[in-house]
>>> print(open('final.txt').read())   # compact mmCIF, C-alpha atoms and all ligand atoms
# COMPACT_ATOMS: atom_id res chain seq x y z
CA MET F 1 -64.76 11.66 -38.67
CA ILE F 2 -63.15 11.82 -35.24
CA ASN F 3 -61.41 14.87 -33.81
CA ILE F 4 -59.32 14.24 -30.74
CA VAL F 5 -57.59 16.61 -28.36
CA LEU F 6 -54.47 15.00 -26.91
CA PHE F 7 -54.08 16.63 -23.53
CA GLY F 8 -51.32 16.70 -20.94
CA LYS F 9 -48.62 18.72 -19.25
CA PRO F 10 -45.36 19.62 -20.99
CA GLY F 11 -43.30 16.45 -21.30
CA ALA F 12 -46.26 14.09 -20.84
CA GLY F 13 -45.49 12.35 -24.14
CA LYS F 14 -48.12 13.84 -26.43
CA GLY F 15 -45.80 14.22 -29.42
CA THR F 16 -44.37 10.72 -29.10
CA GLN F 17 -47.78 9.08 -28.85
CA ALA F 18 -49.27 11.27 -31.59
CA GLU F 19 -46.80 9.80 -34.10
CA PHE F 20 -48.31 6.36 -33.57
CA LEU F 21 -51.94 7.41 -33.16
CA LYS F 22 -52.07 9.49 -36.34
CA GLU F 23 -51.04 6.44 -38.40
CA LYS F 24 -53.30 3.95 -36.68
CA TYR F 25 -56.42 6.14 -36.83
CA ASN F 26 -55.62 8.03 -40.04
CA LEU F 27 -55.69 11.44 -38.39
CA THR F 28 -54.02 14.71 -39.32
CA HIS F 29 -51.65 15.57 -36.48
CA LEU F 30 -51.53 19.29 -35.66
CA SER F 31 -48.99 20.23 -32.99
CA THR F 32 -49.06 23.96 -32.29
CA GLY F 33 -45.60 23.74 -30.68
CA ASP F 34 -44.18 22.06 -33.82
CA ILE F 35 -45.86 24.61 -36.10
CA PHE F 36 -44.44 27.49 -34.06
CA ARG F 37 -40.96 25.90 -34.11
CA PHE F 38 -41.21 25.42 -37.89
CA ASN F 39 -42.01 29.13 -38.22
CA ILE F 40 -39.12 30.09 -35.95
CA LYS F 41 -36.74 27.99 -38.03
CA ASN F 42 -37.92 29.68 -41.20
CA ASN F 43 -37.79 33.18 -39.69
CA THR F 44 -41.39 33.98 -40.51
CA GLU F 45 -43.18 36.90 -38.90
CA LEU F 46 -45.26 34.46 -36.87
CA GLY F 47 -42.11 32.65 -35.75
CA LEU F 48 -40.41 35.83 -34.60
CA LEU F 49 -43.47 36.77 -32.58
CA ALA F 50 -43.98 33.30 -31.06
CA LYS F 51 -40.32 33.01 -30.10
CA THR F 52 -40.50 35.94 -27.69
CA TYR F 53 -43.10 34.04 -25.67
CA MET F 54 -41.86 30.49 -26.11
CA ASP F 55 -38.32 31.21 -25.01
CA LYS F 56 -39.65 32.34 -21.65
CA GLY F 57 -42.04 29.44 -21.32
CA ASP F 58 -45.06 31.74 -21.67
CA LEU F 59 -48.05 30.90 -23.82
CA VAL F 60 -48.29 32.61 -27.20
CA PRO F 61 -51.34 34.97 -27.21
CA ASP F 62 -54.67 33.32 -27.99
CA GLU F 63 -55.50 35.46 -31.00
CA VAL F 64 -52.30 34.50 -32.81
CA THR F 65 -52.55 30.82 -31.89
CA ILE F 66 -56.22 30.44 -32.79
CA GLN F 67 -55.74 32.06 -36.18
CA MET F 68 -52.76 29.85 -36.96
CA LEU F 69 -54.59 26.68 -35.92
CA GLN F 70 -57.62 27.52 -38.04
CA SER F 71 -55.47 28.10 -41.09
CA GLU F 72 -53.75 24.71 -40.56
CA VAL F 73 -57.13 22.97 -40.36
CA ASP F 74 -58.21 24.74 -43.54
CA LYS F 75 -55.08 23.49 -45.31
CA ASN F 76 -56.35 19.91 -44.85
CA PRO F 77 -59.90 19.87 -46.26
CA GLN F 78 -59.68 16.17 -47.15
CA SER F 79 -58.69 15.09 -43.65
CA ALA F 80 -60.52 12.15 -42.08
CA GLY F 81 -60.08 13.77 -38.66
CA PHE F 82 -57.64 15.75 -36.57
CA LEU F 83 -55.39 14.98 -33.65
CA PHE F 84 -54.84 18.26 -31.83
CA ASP F 85 -51.63 18.28 -29.80
CA GLY F 86 -50.84 21.30 -27.62
CA PHE F 87 -54.10 22.97 -28.57
CA PRO F 88 -56.37 24.12 -27.01
CA ARG F 89 -54.36 25.38 -24.05
CA THR F 90 -56.80 27.99 -22.72
CA ILE F 91 -60.58 28.14 -22.33
CA ALA F 92 -60.69 30.88 -25.00
CA GLN F 93 -58.89 28.53 -27.43
CA ALA F 94 -61.26 25.67 -26.60
CA GLU F 95 -64.31 27.86 -27.17
CA ALA F 96 -62.86 29.16 -30.42
CA LEU F 97 -62.15 25.59 -31.55
CA ASP F 98 -65.72 24.46 -30.80
CA ALA F 99 -67.14 27.44 -32.69
CA PHE F 100 -64.78 26.93 -35.62
CA LEU F 101 -65.54 23.20 -35.93
CA ALA F 102 -69.27 23.94 -35.70
CA THR F 103 -69.01 26.08 -38.84
CA LYS F 104 -67.88 22.87 -40.58
CA ASN F 105 -70.57 20.72 -38.94
CA GLN F 106 -67.82 19.10 -36.92
CA GLU F 107 -67.06 18.75 -33.23
CA ILE F 108 -64.48 17.47 -30.80
CA THR F 109 -65.13 13.77 -30.31
CA ALA F 110 -63.05 13.40 -27.15
CA THR F 111 -60.17 14.75 -25.14
CA VAL F 112 -57.64 12.16 -24.02
CA ALA F 113 -55.20 13.18 -21.29
CA LEU F 114 -51.82 11.68 -20.49
CA GLU F 115 -51.33 11.96 -16.76
CA ALA F 116 -48.00 12.09 -14.95
CA ASP F 117 -46.42 13.58 -11.87
CA ASP F 118 -44.69 16.99 -12.24
CA ASN F 119 -41.34 15.86 -10.86
CA ILE F 120 -41.07 13.02 -13.35
CA LEU F 121 -41.98 15.39 -16.17
CA VAL F 122 -39.48 18.09 -15.23
CA ALA F 123 -36.73 15.45 -15.20
CA ARG F 124 -37.88 14.22 -18.65
CA LEU F 125 -37.80 17.74 -20.09
CA LEU F 126 -34.32 18.50 -18.74
CA GLU F 127 -33.15 15.23 -20.31
CA ARG F 128 -34.82 16.17 -23.62
CA GLY F 129 -33.19 19.61 -23.42
CA LYS F 130 -29.75 18.00 -23.66
CA THR F 131 -30.45 16.90 -27.23
CA SER F 132 -33.54 18.76 -28.51
CA GLY F 133 -31.89 22.17 -28.77
CA ARG F 134 -35.10 23.67 -27.41
CA PRO F 135 -34.26 26.71 -25.23
CA ASP F 136 -37.43 26.17 -23.19
CA ASP F 137 -36.24 22.66 -22.18
CA GLN F 138 -32.81 23.67 -20.94
CA ASP F 139 -33.58 25.85 -17.97
CA GLU F 140 -35.48 24.61 -14.94
CA GLU F 141 -36.93 28.07 -14.29
CA LYS F 142 -38.48 28.19 -17.78
CA ILE F 143 -39.81 24.68 -17.31
CA ARG F 144 -41.39 25.63 -13.96
CA ASN F 145 -42.94 28.65 -15.68
CA ARG F 146 -44.52 26.36 -18.29
CA TYR F 147 -46.06 24.33 -15.45
CA GLN F 148 -47.40 27.51 -13.88
CA GLU F 149 -48.93 28.48 -17.23
CA TYR F 150 -50.40 24.99 -17.48
CA ASN F 151 -51.87 25.06 -13.97
CA GLU F 152 -53.37 28.52 -14.37
CA LYS F 153 -54.58 28.46 -17.96
CA THR F 154 -54.70 24.89 -19.29
CA ALA F 155 -55.80 22.75 -16.32
CA PRO F 156 -59.29 24.39 -16.30
CA LEU F 157 -59.90 22.72 -19.67
CA MET F 158 -60.34 19.39 -17.89
CA ASP F 159 -63.58 20.66 -16.35
CA PHE F 160 -64.56 22.28 -19.66
CA TYR F 161 -64.41 18.89 -21.44
CA LYS F 162 -65.76 16.93 -18.45
CA ALA F 163 -68.86 19.16 -18.55
CA GLN F 164 -69.30 18.05 -22.18
CA GLY F 165 -68.80 14.39 -21.18
CA LYS F 166 -65.72 14.20 -23.42
CA PHE F 167 -62.83 13.84 -20.99
CA HIS F 168 -60.78 10.61 -20.73
CA ALA F 169 -57.51 10.13 -18.86
CA VAL F 170 -54.80 7.50 -19.07
CA ASN F 171 -51.72 6.91 -16.95
CA GLY F 172 -48.75 8.39 -18.84
CA ILE F 173 -46.10 6.60 -16.79
CA GLY F 174 -44.66 3.40 -18.23
CA THR F 175 -42.89 2.38 -21.40
CA ILE F 176 -43.91 4.08 -24.65
CA GLU F 177 -45.61 0.82 -25.71
CA GLU F 178 -47.53 0.50 -22.45
CA VAL F 179 -48.85 4.04 -22.75
CA THR F 180 -49.72 3.49 -26.42
CA ALA F 181 -51.74 0.41 -25.46
CA ARG F 182 -53.69 2.39 -22.85
CA LEU F 183 -54.44 5.14 -25.38
CA THR F 184 -55.50 2.62 -28.00
CA ASN F 185 -57.95 1.10 -25.51
CA VAL F 186 -59.62 4.50 -25.13
CA PHE F 187 -59.51 5.42 -28.84
CA ASP F 188 -61.15 2.11 -29.76
CA THR F 189 -64.20 3.02 -27.67
CA LEU F 190 -64.74 6.37 -29.41
N1 LIG P 1 -52.02 26.35 -27.91
C1 LIG P 1 -51.00 27.15 -27.56
N2 LIG P 1 -51.24 28.39 -27.06
C2 LIG P 1 -50.26 29.20 -26.71
N3 LIG P 1 -48.96 28.89 -26.80
C3 LIG P 1 -48.63 27.68 -27.31
C4 LIG P 1 -49.64 26.75 -27.72
N4 LIG P 1 -49.04 25.62 -28.18
C5 LIG P 1 -47.71 25.82 -28.05
N5 LIG P 1 -47.46 27.05 -27.54
C6 LIG P 1 -46.13 27.63 -27.25
O1 LIG P 1 -45.13 26.69 -27.61
C7 LIG P 1 -44.38 26.23 -26.47
C8 LIG P 1 -44.00 24.76 -26.65
O2 LIG P 1 -45.16 23.96 -26.78
P1 LIG P 1 -45.07 22.38 -27.04
O3 LIG P 1 -44.16 22.10 -28.16
O4 LIG P 1 -46.47 21.89 -27.10
O5 LIG P 1 -44.29 21.80 -25.82
P2 LIG P 1 -44.60 21.36 -24.34
O6 LIG P 1 -45.94 20.70 -24.30
O7 LIG P 1 -43.49 20.43 -24.06
O8 LIG P 1 -44.53 22.66 -23.56
C9 LIG P 1 -45.29 26.54 -25.28
O9 LIG P 1 -44.58 26.70 -24.07
C10 LIG P 1 -45.94 27.86 -25.76
O10 LIG P 1 -45.05 28.95 -25.62
>>> encode(input="final.txt", output="structure tokens", more="lines below")
Ligand SMILES: Nc1ncnc2c1ncn2[C@@H]1O[C@H](COP(=O)(O)OP(=O)(O)O)[C@@H](O)[C@H]1O
Amino acid sequence: MINIVLFGKPGAGKGTQAEFLKEKYNLTHLSTGDIFRFNIKNNTELGLLAKTYMDKGDLVPDEVTIQMLQSEVDKNPQSAGFLFDGFPRTIAQAEALDAFLATKNQEITATVALEADDNILVARLLERGKTSGRPDDQDEEKIRNRYQEYNEKTAPLMDFYKAQGKFHAVNGIGTIEEVTARLTNVFDTL
């Protein structure tokens, strides 16, 4: 069983690459952003709560996010492994994930980061905002706020996983196929 954290800034291409990787490696793809958006669409209590944070580009509180993620993992007891996308995004989430997996005699196998320059990513998100309908992609100020959240709360995770010897990075700039090939090279060593 392999459990991978797909890591990277907003717009780095995690969702796009996850679609391919989950098929090739037979992993259950869990995107916290997608799960929150599904809840917003269906007007659930969780969705209404998450929306107040997401629309501003703020992170949803840890307690809510951790609980949701754990319940999604528990919905897939037969899974051959998980591909976590957009989670963990804070040290508290990463610690909670380690503790939760340990209760199942599991662990994170590796964290694989997609790296790209902020200016390229902001341009990508504004482009995506034209068609995605996502409010957080349509306003440069909200996008900048997401990067601030990333720098303050998520970037420290790189050292967290490096300290465990689990951090790998690939260049996220190039065609989708080029980036997929780089990711596959790393996954095949795990
Ligand atoms: N692990 C998480 N912790 C807190 N908030 C989250 C988490 N994952 C997603 N979110 C919320 O959902 C929003 C969108 O996330 P996501 O779809 O992963 O897009 P992106 O990576 O492009 O920002 C985030 O800005 C945040 O508000």
>>> axis_aligned_box(input="final.txt", around="ligand LIG 1 (chain P)", padding_each_side="5 Å", output="AutoDock Vina command-line options")
--center_x -47.8 --center_y 24.8 --center_z -25.9 --size_x 18.5 --size_y 18.8 --size_z 14.6
>>> closest_residue(input="final.txt", among="F:Glu127, F:Glu141, F:Thr154, F:Thr28", to="ligand LIG 1 (chain P)", atoms="all atoms listed in the file")
F:Thr154
>>> residues_near_point(input="final.txt", point="(-42.4, 20.5, -17.6)", cutoff="9 Å", atoms="only C-alpha atoms", output="list of chain:residue names")
F:Lys9, F:Pro10, F:Gly11, F:Ala12, F:Asp118, F:Asn119, F:Ile120, F:Leu121, F:Val122, F:Ala123, F:Arg124, F:Leu125, F:Leu126, F:Asp137, F:Glu140, F:Lys142, F:Ile143, F:Arg144, F:Asn145, F:Arg146, F:Tyr147
>>> closest_residue(input="final.txt", among="F:Glu107, F:Glu149, F:Glu177, F:Asp159", to="ligand LIG 1 (chain P)", atoms="only C-alpha atoms and all ligand atoms")
F:Glu149
>>> closest_atom_pairs(input="final.txt", of="chain F", to="ligand LIG 1 (chain P)", cutoff="7 Å", atoms="all atoms listed in the file", output="tab-separated table")
residue	atom	partner	partner_atom	distance
F:Lys9	CA	P:LIG1	O6	6.1
F:Pro10	CA	P:LIG1	O6	3.5
F:Gly11	CA	P:LIG1	O7	4.8
F:Ser31	CA	P:LIG1	O4	6.6
F:Thr32	CA	P:LIG1	N4	4.4
F:Gly33	CA	P:LIG1	O3	3.3
F:Asp34	CA	P:LIG1	O3	5.7
F:Phe36	CA	P:LIG1	O1	6.5
F:Tyr53	CA	P:LIG1	O10	5.5
F:Met54	CA	P:LIG1	O10	3.6
F:Gly57	CA	P:LIG1	O9	4.6
F:Asp58	CA	P:LIG1	O10	4.8
F:Leu59	CA	P:LIG1	N3	3.7
F:Val60	CA	P:LIG1	N3	3.8
F:Pro61	CA	P:LIG1	C2	5.9
F:Asp62	CA	P:LIG1	N2	6.1
F:Thr65	CA	P:LIG1	N2	5.6
F:Asp85	CA	P:LIG1	O4	6.9
F:Gly86	CA	P:LIG1	O4	4.4
F:Phe87	CA	P:LIG1	N1	4.0
F:Pro88	CA	P:LIG1	N1	5.0
F:Arg89	CA	P:LIG1	N1	4.6
F:Arg146	CA	P:LIG1	O9	5.8
>>> closest_residue(input="final.txt", among="F:Ala99, F:Ala110, F:Ala181, F:Ile35", to="Ser71 of chain F", atoms="all atoms listed in the file")
F:Ile35
>>> closest_residue(input="final.txt", among="F:Ser79, F:Asn151, F:Gln93, F:Ser132", to="Arg37 of chain F", atoms="all atoms listed in the file")
F:Ser132
>>> build_atoms(input="final.txt", residues="segment 71-82 of chain F", atoms="N, CA, C and O atoms", output="PDB file, keeping the file's coordinate frame")
ATOM      1  N   SER F  71     -56.000  28.155 -39.728  1.00  0.00           N
ATOM      2  CA  SER F  71     -55.470  28.100 -41.090  1.00  0.00           C
ATOM      3  C   SER F  71     -54.860  26.719 -41.380  1.00  0.00           C
ATOM      4  O   SER F  71     -54.940  26.221 -42.495  1.00  0.00           O
ATOM      5  N   GLU F  72     -54.293  26.071 -40.352  1.00  0.00           N
ATOM      6  CA  GLU F  72     -53.750  24.710 -40.560  1.00  0.00           C
ATOM      7  C   GLU F  72     -54.877  23.713 -40.828  1.00  0.00           C
ATOM      8  O   GLU F  72     -54.734  22.821 -41.665  1.00  0.00           O
ATOM      9  N   VAL F  73     -55.986  23.864 -40.122  1.00  0.00           N
ATOM     10  CA  VAL F  73     -57.130  22.970 -40.360  1.00  0.00           C
ATOM     11  C   VAL F  73     -57.622  23.172 -41.797  1.00  0.00           C
ATOM     12  O   VAL F  73     -57.870  22.202 -42.533  1.00  0.00           O
ATOM     13  N   ASP F  74     -57.703  24.438 -42.195  1.00  0.00           N
ATOM     14  CA  ASP F  74     -58.210  24.740 -43.540  1.00  0.00           C
ATOM     15  C   ASP F  74     -57.278  24.253 -44.657  1.00  0.00           C
ATOM     16  O   ASP F  74     -57.713  24.084 -45.797  1.00  0.00           O
ATOM     17  N   LYS F  75     -56.015  24.019 -44.307  1.00  0.00           N
ATOM     18  CA  LYS F  75     -55.080  23.490 -45.310  1.00  0.00           C
ATOM     19  C   LYS F  75     -55.303  22.002 -45.571  1.00  0.00           C
ATOM     20  O   LYS F  75     -54.658  21.422 -46.440  1.00  0.00           O
ATOM     21  N   ASN F  76     -56.145  21.365 -44.747  1.00  0.00           N
ATOM     22  CA  ASN F  76     -56.350  19.910 -44.850  1.00  0.00           C
ATOM     23  C   ASN F  76     -57.828  19.554 -45.029  1.00  0.00           C
ATOM     24  O   ASN F  76     -58.406  18.823 -44.215  1.00  0.00           O
ATOM     25  N   PRO F  77     -58.444  20.073 -46.102  1.00  0.00           N
ATOM     26  CA  PRO F  77     -59.900  19.870 -46.260  1.00  0.00           C
ATOM     27  C   PRO F  77     -60.290  18.403 -46.452  1.00  0.00           C
ATOM     28  O   PRO F  77     -61.435  18.040 -46.188  1.00  0.00           O
ATOM     29  N   GLN F  78     -59.343  17.583 -46.907  1.00  0.00           N
ATOM     30  CA  GLN F  78     -59.680  16.170 -47.150  1.00  0.00           C
ATOM     31  C   GLN F  78     -59.467  15.282 -45.922  1.00  0.00           C
ATOM     32  O   GLN F  78     -59.623  14.066 -45.997  1.00  0.00           O
ATOM     33  N   SER F  79     -59.065  15.890 -44.822  1.00  0.00           N
ATOM     34  CA  SER F  79     -58.690  15.090 -43.650  1.00  0.00           C
ATOM     35  C   SER F  79     -59.855  14.249 -43.139  1.00  0.00           C
ATOM     36  O   SER F  79     -61.006  14.685 -43.108  1.00  0.00           O
ATOM     37  N   ALA F  80     -59.505  13.040 -42.666  1.00  0.00           N
ATOM     38  CA  ALA F  80     -60.520  12.150 -42.080  1.00  0.00           C
ATOM     39  C   ALA F  80     -60.723  12.462 -40.602  1.00  0.00           C
ATOM     40  O   ALA F  80     -61.546  11.833 -39.930  1.00  0.00           O
ATOM     41  N   GLY F  81     -59.965  13.408 -40.075  1.00  0.00           N
ATOM     42  CA  GLY F  81     -60.080  13.770 -38.660  1.00  0.00           C
ATOM     43  C   GLY F  81     -58.764  14.349 -38.181  1.00  0.00           C
ATOM     44  O   GLY F  81     -57.735  14.148 -38.814  1.00  0.00           O
ATOM     45  N   PHE F  82     -58.834  15.067 -37.068  1.00  0.00           N
ATOM     46  CA  PHE F  82     -57.640  15.750 -36.570  1.00  0.00           C
ATOM     47  C   PHE F  82     -57.247  15.246 -35.189  1.00  0.00           C
ATOM     48  O   PHE F  82     -58.098  14.871 -34.378  1.00  0.00           O
TER      49      PHE F  82
END
